[in-house]
>>> print(open('model.tsv').read())   # TSV, C-alpha atoms
chain	number	residue	atom	x	y	z
A	1	MET	CA	16.42	-52.99	5.35
A	2	TYR	CA	19.32	-54.40	3.37
A	3	LEU	CA	22.78	-54.03	4.94
A	4	PRO	CA	25.91	-54.75	2.85
A	5	ARG	CA	28.05	-57.74	3.84
A	6	LEU	CA	31.54	-56.23	3.83
A	7	ARG	CA	34.60	-58.48	3.63
A	8	ARG	CA	38.35	-58.17	3.05
A	9	ILE	CA	39.42	-59.52	-0.33
A	10	ASP	CA	41.59	-62.29	1.16
A	11	THR	CA	38.68	-63.32	3.40
A	12	VAL	CA	36.38	-63.57	0.39
A	13	VAL	CA	38.81	-65.76	-1.55
A	14	LYS	CA	39.39	-68.04	1.44
A	15	ALA	CA	35.67	-68.43	2.14
A	16	MET	CA	34.84	-69.18	-1.49
A	17	LYS	CA	37.57	-71.81	-1.71
A	18	GLN	CA	36.42	-73.43	1.53
A	19	ALA	CA	32.81	-73.56	0.33
A	20	ASP	CA	33.74	-74.73	-3.18
A	21	HIS	CA	37.08	-76.52	-3.53
A	22	ASP	CA	36.86	-76.40	-7.33
A	23	THR	CA	36.31	-72.66	-7.62
A	24	VAL	CA	38.75	-70.78	-9.84
A	25	VAL	CA	38.38	-67.52	-7.93
A	26	SER	CA	41.64	-65.80	-6.97
A	27	ARG	CA	42.79	-62.60	-5.34
A	28	TYR	CA	44.04	-61.39	-8.71
A	29	PHE	CA	40.61	-61.99	-10.24
A	30	ILE	CA	38.78	-59.95	-7.58
A	31	THR	CA	41.31	-57.11	-7.57
A	32	THR	CA	40.99	-56.96	-11.37
A	33	LEU	CA	37.22	-56.56	-11.00
A	34	LEU	CA	37.84	-53.73	-8.52
A	35	ARG	CA	40.44	-52.05	-10.70
A	36	GLU	CA	38.18	-52.17	-13.75
A	37	GLY	CA	35.21	-50.80	-11.82
A	38	LYS	CA	33.12	-53.95	-12.25
A	39	ILE	CA	32.37	-53.89	-8.52
A	40	THR	CA	32.67	-51.09	-5.97
A	41	SER	CA	36.16	-50.39	-4.65
A	42	LEU	CA	35.76	-49.44	-0.99
A	43	LYS	CA	38.48	-48.46	1.48
A	44	TYR	CA	37.15	-49.18	4.96
A	45	GLY	CA	39.40	-48.77	7.97
A	46	ASP	CA	42.83	-50.14	7.10
A	47	ALA	CA	41.77	-52.46	4.26
A	48	TRP	CA	40.05	-52.68	0.91
A	49	VAL	CA	36.74	-54.48	1.22
A	50	VAL	CA	33.99	-55.70	-1.08
A	51	ASN	CA	30.29	-56.22	-0.63
A	52	LEU	CA	29.76	-59.97	-0.94
A	53	ASP	CA	26.30	-59.51	-2.45
A	54	GLU	CA	27.55	-57.07	-5.07
A	55	LEU	CA	30.39	-59.44	-5.98
A	56	TYR	CA	28.20	-62.54	-6.12
A	57	GLY	CA	25.48	-60.61	-7.95
A	58	TYR	CA	27.92	-59.43	-10.59
A	59	LEU	CA	29.17	-63.00	-11.09
A	60	CYS	CA	25.55	-64.04	-11.63
A	61	GLY	CA	25.03	-61.39	-14.30
A	62	MET	CA	23.03	-58.97	-12.15
A	63	LYS	CA	23.32	-55.32	-13.17
A	64	PHE	CA	24.26	-52.76	-10.52
A	65	GLU	CA	24.94	-49.14	-11.47
A	66	GLU	CA	26.20	-46.32	-9.26
A	67	LYS	CA	23.41	-44.04	-8.16
A	68	SER	CA	23.45	-40.36	-7.22
A	69	TYR	CA	22.71	-39.20	-3.70
A	70	THR	CA	20.90	-36.08	-2.55
A	71	SER	CA	20.60	-35.40	1.15
A	72	PRO	CA	16.91	-35.37	2.13
A	73	ALA	CA	15.34	-32.42	3.92
A	74	LYS	CA	15.11	-34.53	7.08
A	75	ARG	CA	18.13	-36.67	7.94
A	76	THR	CA	17.93	-40.14	9.47
A	77	ILE	CA	20.18	-39.75	12.49
A	78	LYS	CA	21.55	-42.74	14.39
A	79	LYS	CA	24.24	-43.27	17.00
A	80	SER	CA	27.39	-45.06	15.83
A	81	GLY	CA	26.77	-47.82	18.38
A	82	GLU	CA	23.23	-48.32	17.13
A	83	ILE	CA	24.44	-48.66	13.53
A	84	TRP	CA	27.18	-51.08	14.56
A	85	ARG	CA	24.68	-53.29	16.44
A	86	GLU	CA	22.36	-53.36	13.41
A	87	PHE	CA	25.19	-54.60	11.19
A	88	LEU	CA	26.29	-57.16	13.77
A	89	ALA	CA	22.75	-58.53	14.20
A	90	GLU	CA	22.37	-58.95	10.43
A	91	ASP	CA	25.90	-60.20	9.73
A	92	PRO	CA	28.01	-61.65	12.58
A	93	ASP	CA	31.12	-61.52	10.35
A	94	THR	CA	30.71	-57.85	9.44
A	95	LYS	CA	33.78	-55.64	9.21
A	96	VAL	CA	31.78	-52.76	10.69
A	97	ARG	CA	32.92	-51.82	14.19
A	98	ARG	CA	32.16	-48.71	16.18
A	99	LEU	CA	35.66	-47.23	15.88
A	100	ASN	CA	36.31	-48.03	12.23
A	101	LEU	CA	32.78	-46.82	11.44
A	102	ARG	CA	33.63	-43.43	12.91
A	103	LEU	CA	36.88	-43.32	10.96
A	104	PHE	CA	35.05	-44.15	7.74
A	105	VAL	CA	32.49	-41.41	8.40
A	106	LYS	CA	35.25	-38.84	8.89
A	107	GLU	CA	37.26	-39.95	5.85
A	108	GLN	CA	34.22	-40.01	3.56
A	109	GLY	CA	32.92	-36.62	4.71
A	110	ILE	CA	29.61	-38.08	5.88
A	111	TRP	CA	27.49	-35.72	7.98
A	112	TYR	CA	27.76	-36.29	11.74
A	113	PHE	CA	28.11	-34.47	15.02
A	114	THR	CA	29.14	-35.43	18.53
A	115	SER	CA	26.84	-34.88	21.49
A	116	SER	CA	27.87	-33.31	24.75
A	117	VAL	CA	28.32	-36.79	26.23
A	118	GLY	CA	30.49	-38.02	23.37
A	119	HIS	CA	27.95	-39.91	21.25
A	120	TRP	CA	28.52	-39.86	17.50
A	121	LEU	CA	25.28	-39.06	15.69
A	122	ILE	CA	25.52	-40.00	12.01
A	123	ASP	CA	23.40	-39.46	8.91
A	124	ALA	CA	22.51	-43.13	8.39
A	125	ASP	CA	21.16	-42.65	4.84
A	126	GLU	CA	24.34	-40.97	3.62
A	127	LEU	CA	26.42	-43.66	5.32
A	128	MET	CA	24.47	-46.41	3.57
A	129	TYR	CA	24.95	-44.69	0.23
A	130	LYS	CA	28.72	-44.51	0.75
A	131	LEU	CA	28.85	-48.19	1.76
A	132	ASN	CA	26.52	-49.32	-1.04
A	133	PRO	CA	26.64	-46.74	-3.88
A	134	ARG	CA	25.19	-49.13	-6.48
A	135	GLY	CA	22.07	-49.83	-4.48
A	136	VAL	CA	22.41	-53.58	-3.98
A	137	ASP	CA	19.22	-54.56	-2.18
A	138	CYS	CA	19.31	-58.31	-1.60
A	139	LYS	CA	21.52	-61.15	-0.46
A	140	VAL	CA	23.00	-63.26	-3.27
A	141	ASN	CA	24.25	-66.84	-3.01
A	142	MET	CA	27.83	-67.65	-3.96
A	143	PRO	CA	28.12	-68.91	-7.54
A	144	ARG	CA	30.36	-71.79	-8.62
A	145	LEU	CA	33.09	-70.42	-10.91
A	146	ARG	CA	34.87	-72.65	-13.41
A	147	TRP	CA	37.28	-72.40	-16.34
A	148	HIS	CA	35.50	-72.69	-19.67
A	149	ASP	CA	37.78	-75.28	-21.31
A	150	ASP	CA	37.82	-77.69	-18.38
A	151	THR	CA	34.07	-77.40	-17.86
A	152	VAL	CA	32.98	-77.89	-21.45
A	153	ARG	CA	35.27	-80.88	-21.95
A	154	GLY	CA	34.34	-82.44	-18.63
A	155	PHE	CA	30.61	-81.73	-18.53
A	156	LYS	CA	29.60	-85.22	-19.70
A	157	LYS	CA	31.89	-86.76	-17.07
A	158	GLN	CA	30.11	-84.75	-14.38
A	159	HIS	CA	26.73	-86.00	-15.64
A	160	PRO	CA	27.37	-89.53	-16.99
A	161	ASP	CA	23.72	-90.59	-16.74
A	162	LEU	CA	22.36	-87.73	-18.86
A	163	PRO	CA	22.25	-87.47	-22.70
A	164	VAL	CA	24.59	-84.49	-22.84
A	165	SER	CA	27.62	-83.69	-24.95
A	166	MET	CA	30.52	-81.25	-25.18
A	167	THR	CA	28.68	-79.53	-28.04
A	168	MET	CA	25.69	-78.90	-25.78
A	169	ALA	CA	27.89	-77.49	-23.04
A	170	GLU	CA	29.58	-75.15	-25.53
A	171	LYS	CA	26.21	-73.98	-26.87
A	172	ALA	CA	25.02	-73.34	-23.33
A	173	PHE	CA	28.18	-71.36	-22.61
A	174	ARG	CA	27.31	-69.00	-25.47
A	175	SER	CA	23.87	-68.29	-24.03
A	176	ASP	CA	23.17	-64.81	-22.67
A	177	ASN	CA	21.81	-66.57	-19.58
A	178	VAL	CA	25.30	-67.72	-18.59
A	179	PHE	CA	27.66	-65.21	-17.02
A	180	LYS	CA	31.18	-65.33	-18.40
A	181	ILE	CA	34.24	-63.12	-18.14
A	182	LYS	CA	37.82	-63.28	-19.36
A	183	ASN	CA	40.57	-63.50	-16.77
A	184	GLY	CA	44.21	-63.73	-17.80
A	185	GLY	CA	43.24	-64.70	-21.34
A	186	ARG	CA	40.91	-67.52	-20.25
A	187	TRP	CA	37.15	-67.55	-19.85
A	188	ILE	CA	35.60	-67.99	-16.42
A	189	LEU	CA	31.94	-68.98	-16.29
A	190	ASN	CA	29.12	-69.36	-13.80
A	191	TYR	CA	28.77	-73.14	-13.63
A	192	ASP	CA	25.33	-73.10	-12.00
A	193	GLN	CA	23.92	-71.12	-14.91
A	194	LEU	CA	25.69	-73.30	-17.49
A	195	GLU	CA	24.27	-76.42	-15.91
A	196	THR	CA	20.78	-74.93	-15.90
A	197	GLU	CA	21.03	-74.10	-19.60
A	198	VAL	CA	22.13	-77.63	-20.51
A	199	PHE	CA	19.36	-79.15	-18.41
A	200	LYS	CA	16.83	-76.96	-20.26
A	201	MET	CA	18.11	-78.29	-23.60
A	202	ILE	CA	17.33	-81.87	-22.65
A	203	GLY	CA	14.22	-81.17	-20.59
A	204	TYR	CA	15.81	-82.39	-17.39
A	205	ILE	CA	14.39	-81.17	-14.08
A	206	PRO	CA	16.85	-82.06	-11.27
A	207	ASN	CA	14.42	-81.97	-8.37
A	208	GLN	CA	12.21	-84.61	-10.07
A	209	ALA	CA	15.13	-87.07	-10.18
A	210	THR	CA	14.73	-87.83	-6.50
A	211	LEU	CA	10.95	-88.39	-6.57
>>> encode(input="model.tsv", output="structure tokens")
Amino acid sequence: MYLPRLRRIDTVVKAMKQADHDTVVSRYFITTLLREGKITSLKYGDAWVVNLDELYGYLCGMKFEEKSYTSPAKRTIKKSGEIWREFLAEDPDTKVRRLNLRLFVKEQGIWYFTSSVGHWLIDADELMYKLNPRGVDCKVNMPRLRWHDDTVRGFKKQHPDLPVSMTMAEKAFRSDNVFKIKNGGRWILNYDQLETEVFKMIGYIPNQATL
């Protein structure tokens, strides 16, 4: 079963910059996506968090739409500790903890009750819907984000041994297969997808280069 990878916004930005020093991601960029409803805005505990896979998926052009939820005739009931351990086993860096999970359940009006010995028994299906309302169902790798102008002008420099040009890079940028979005008046693009499009133009298959 898929479990969302929840992160604070600042944590996301820091991790993306550590993994890709050339990324153009910023806190402003992510908060703009949240404000415009491009990705789910989720208040969890004392912070706003995002689902990494929903964010990365959006930046790869994947389509996620909010779904409706109807409580089934038979609820899936789990203890708060059991749910917390499932998240921890799947994602060691999860923001889900037993106490903040209980707070989230109360604040979101999710069905639960407490047993005579103090266990919190929670409707796990309703909880998952609240944490993942757009039904993301898979892990997504982090994309490399770049400014359009710098990338198009510098594409040949990045691939000096290939017969590529700035015109090719610009044509690839306009492809529907390349995710792009405006941020502060400038275009941001998914570099991995742009590179793939250019390689297709010239019939270049990267993994054959090392054979």
>>> residues_around(input="model.tsv", residues="range 184-194 of chain A", least_positions_apart="5", cutoff="12 Å", atoms="only C-alpha atoms", output="short mmCIF file (atom, residue, chain, number, x, y, z; two decimals) with C-alpha atoms, in the coordinates of the input")
data_model
loop_
_atom_site.label_atom_id
_atom_site.label_comp_id
_atom_site.auth_asym_id
_atom_site.auth_seq_id
_atom_site.Cartn_x
_atom_site.Cartn_y
_atom_site.Cartn_z
CA ASP A 20 33.74 -74.73 -3.18
CA ASP A 22 36.86 -76.40 -7.33
CA THR A 23 36.31 -72.66 -7.62
CA VAL A 24 38.75 -70.78 -9.84
CA VAL A 25 38.38 -67.52 -7.93
CA SER A 26 41.64 -65.80 -6.97
CA TYR A 28 44.04 -61.39 -8.71
CA PHE A 29 40.61 -61.99 -10.24
CA THR A 32 40.99 -56.96 -11.37
CA TYR A 56 28.20 -62.54 -6.12
CA GLY A 57 25.48 -60.61 -7.95
CA TYR A 58 27.92 -59.43 -10.59
CA LEU A 59 29.17 -63.00 -11.09
CA CYS A 60 25.55 -64.04 -11.63
CA GLY A 61 25.03 -61.39 -14.30
CA ASN A 141 24.25 -66.84 -3.01
CA MET A 142 27.83 -67.65 -3.96
CA PRO A 143 28.12 -68.91 -7.54
CA ARG A 144 30.36 -71.79 -8.62
CA LEU A 145 33.09 -70.42 -10.91
CA ARG A 146 34.87 -72.65 -13.41
CA TRP A 147 37.28 -72.40 -16.34
CA HIS A 148 35.50 -72.69 -19.67
CA ASP A 149 37.78 -75.28 -21.31
CA ASP A 150 37.82 -77.69 -18.38
CA THR A 151 34.07 -77.40 -17.86
CA VAL A 152 32.98 -77.89 -21.45
CA GLY A 154 34.34 -82.44 -18.63
CA PHE A 155 30.61 -81.73 -18.53
CA GLN A 158 30.11 -84.75 -14.38
CA MET A 168 25.69 -78.90 -25.78
CA ALA A 169 27.89 -77.49 -23.04
CA GLU A 170 29.58 -75.15 -25.53
CA LYS A 171 26.21 -73.98 -26.87
CA ALA A 172 25.02 -73.34 -23.33
CA PHE A 173 28.18 -71.36 -22.61
CA ARG A 174 27.31 -69.00 -25.47
CA SER A 175 23.87 -68.29 -24.03
CA ASP A 176 23.17 -64.81 -22.67
CA ASN A 177 21.81 -66.57 -19.58
CA VAL A 178 25.30 -67.72 -18.59
CA PHE A 179 27.66 -65.21 -17.02
CA PHE A 199 19.36 -79.15 -18.41
CA LYS A 200 16.83 -76.96 -20.26
CA MET A 201 18.11 -78.29 -23.60
#
>>> residues_around(input="model.tsv", residues="Ile205 in chain A", least_positions_apart="6", cutoff="12 Å", atoms="all atoms listed in the file", output="list in words")
Leu162, Glu195, Thr196, Glu197, Val198, Phe199 and Leu211 of chain A
>>> write_last_selection(input="model.tsv", atoms="C-alpha atoms", output="PDB file, keeping the file's coordinate frame")
ATOM      1  CA  LEU A 162      22.360 -87.730 -18.860  1.00  0.00           C
ATOM      2  CA  GLU A 195      24.270 -76.420 -15.910  1.00  0.00           C
ATOM      3  CA  THR A 196      20.780 -74.930 -15.900  1.00  0.00           C
ATOM      4  CA  GLU A 197      21.030 -74.100 -19.600  1.00  0.00           C
ATOM      5  CA  VAL A 198      22.130 -77.630 -20.510  1.00  0.00           C
ATOM      6  CA  PHE A 199      19.360 -79.150 -18.410  1.00  0.00           C
ATOM      7  CA  LEU A 211      10.950 -88.390  -6.570  1.00  0.00           C
TER       8      LEU A 211
END
>>> atom_distance(input="model.tsv", atom1="CA of Pro92 in chain A", atom2="CA of Leu6 in chain A")
10.9 Å
>>> closest_atom_pairs(input="model.tsv", of="range 122-207 of chain A", to="range 101-108 of chain A", cutoff="8 Å", atoms="all atoms listed in the file", output="tab-separated table")
residue	atom	partner	partner_atom	distance
A:Ile122	CA	A:Val105	CA	8.0
A:Leu127	CA	A:Val105	CA	7.2
A:Lys130	CA	A:Gln108	CA	7.6
>>> closest_residue(input="model.tsv", among="A:Arg35, A:Lys95, A:Lys139, A:Arg153", to="Val49 in chain A", atoms="only C-alpha atoms")
A:Lys95
>>> atom_distance(input="model.tsv", atom1="CA of His119 in chain A", atom2="CA of Tyr44 in chain A")
20.9 Å
>>> residues_around(input="model.tsv", residues="Lys67 in chain A", least_positions_apart="5", cutoff="8 Å", atoms="only C-alpha atoms", output="PDB file with C-alpha atoms, keeping the file's coordinate frame")
ATOM      1  CA  PRO A 133      26.640 -46.740  -3.880  1.00  0.00           C
ATOM      2  CA  ARG A 134      25.190 -49.130  -6.480  1.00  0.00           C
ATOM      3  CA  GLY A 135      22.070 -49.830  -4.480  1.00  0.00           C
TER       4      GLY A 135
END
>>> closest_residue(input="model.tsv", among="A:Arg97, A:Lys43, A:Ser165, A:Trp111", to="Ile83 in chain A", atoms="only C-alpha atoms")
A:Arg97
>>> atom_distance(input="model.tsv", atom1="CA of Met128 in chain A", atom2="CA of Leu55 in chain A")
17.2 Å
>>> closest_residue(input="model.tsv", among="A:Lys180, A:Leu3, A:Trp120, A:Gly37", to="Phe64 in chain A", atoms="all atoms listed in the file")
A:Gly37
>>> closest_residue(input="model.tsv", among="A:Ile30, A:Ile39, A:Leu52, A:Ile9", to="Cys138 in chain A", atoms="only C-alpha atoms")
A:Leu52
>>> residues_around(input="model.tsv", residues="Arg75 in chain A", least_positions_apart="5", cutoff="9 Å", atoms="all atoms listed in the file", output="list in words")
Asp123, Ala124, Asp125 and Glu126 of chain A
>>> write_last_selection(input="model.tsv", atoms="C-alpha atoms", output="tab-separated table (two decimals), in the frame of the given file")
chain	number	residue	atom	x	y	z
A	123	ASP	CA	23.40	-39.46	8.91
A	124	ALA	CA	22.51	-43.13	8.39
A	125	ASP	CA	21.16	-42.65	4.84
A	126	GLU	CA	24.34	-40.97	3.62
>>> closest_residue(input="model.tsv", among="A:Glu36, A:Glu66, A:Glu82, A:Asp53", to="Tyr2 in chain A", atoms="only C-alpha atoms")
A:Asp53
>>> closest_residue(input="model.tsv", among="A:Ile77, A:Ala19, A:Ala89, A:Val140", to="Thr114 in chain A", atoms="only C-alpha atoms")
A:Ile77
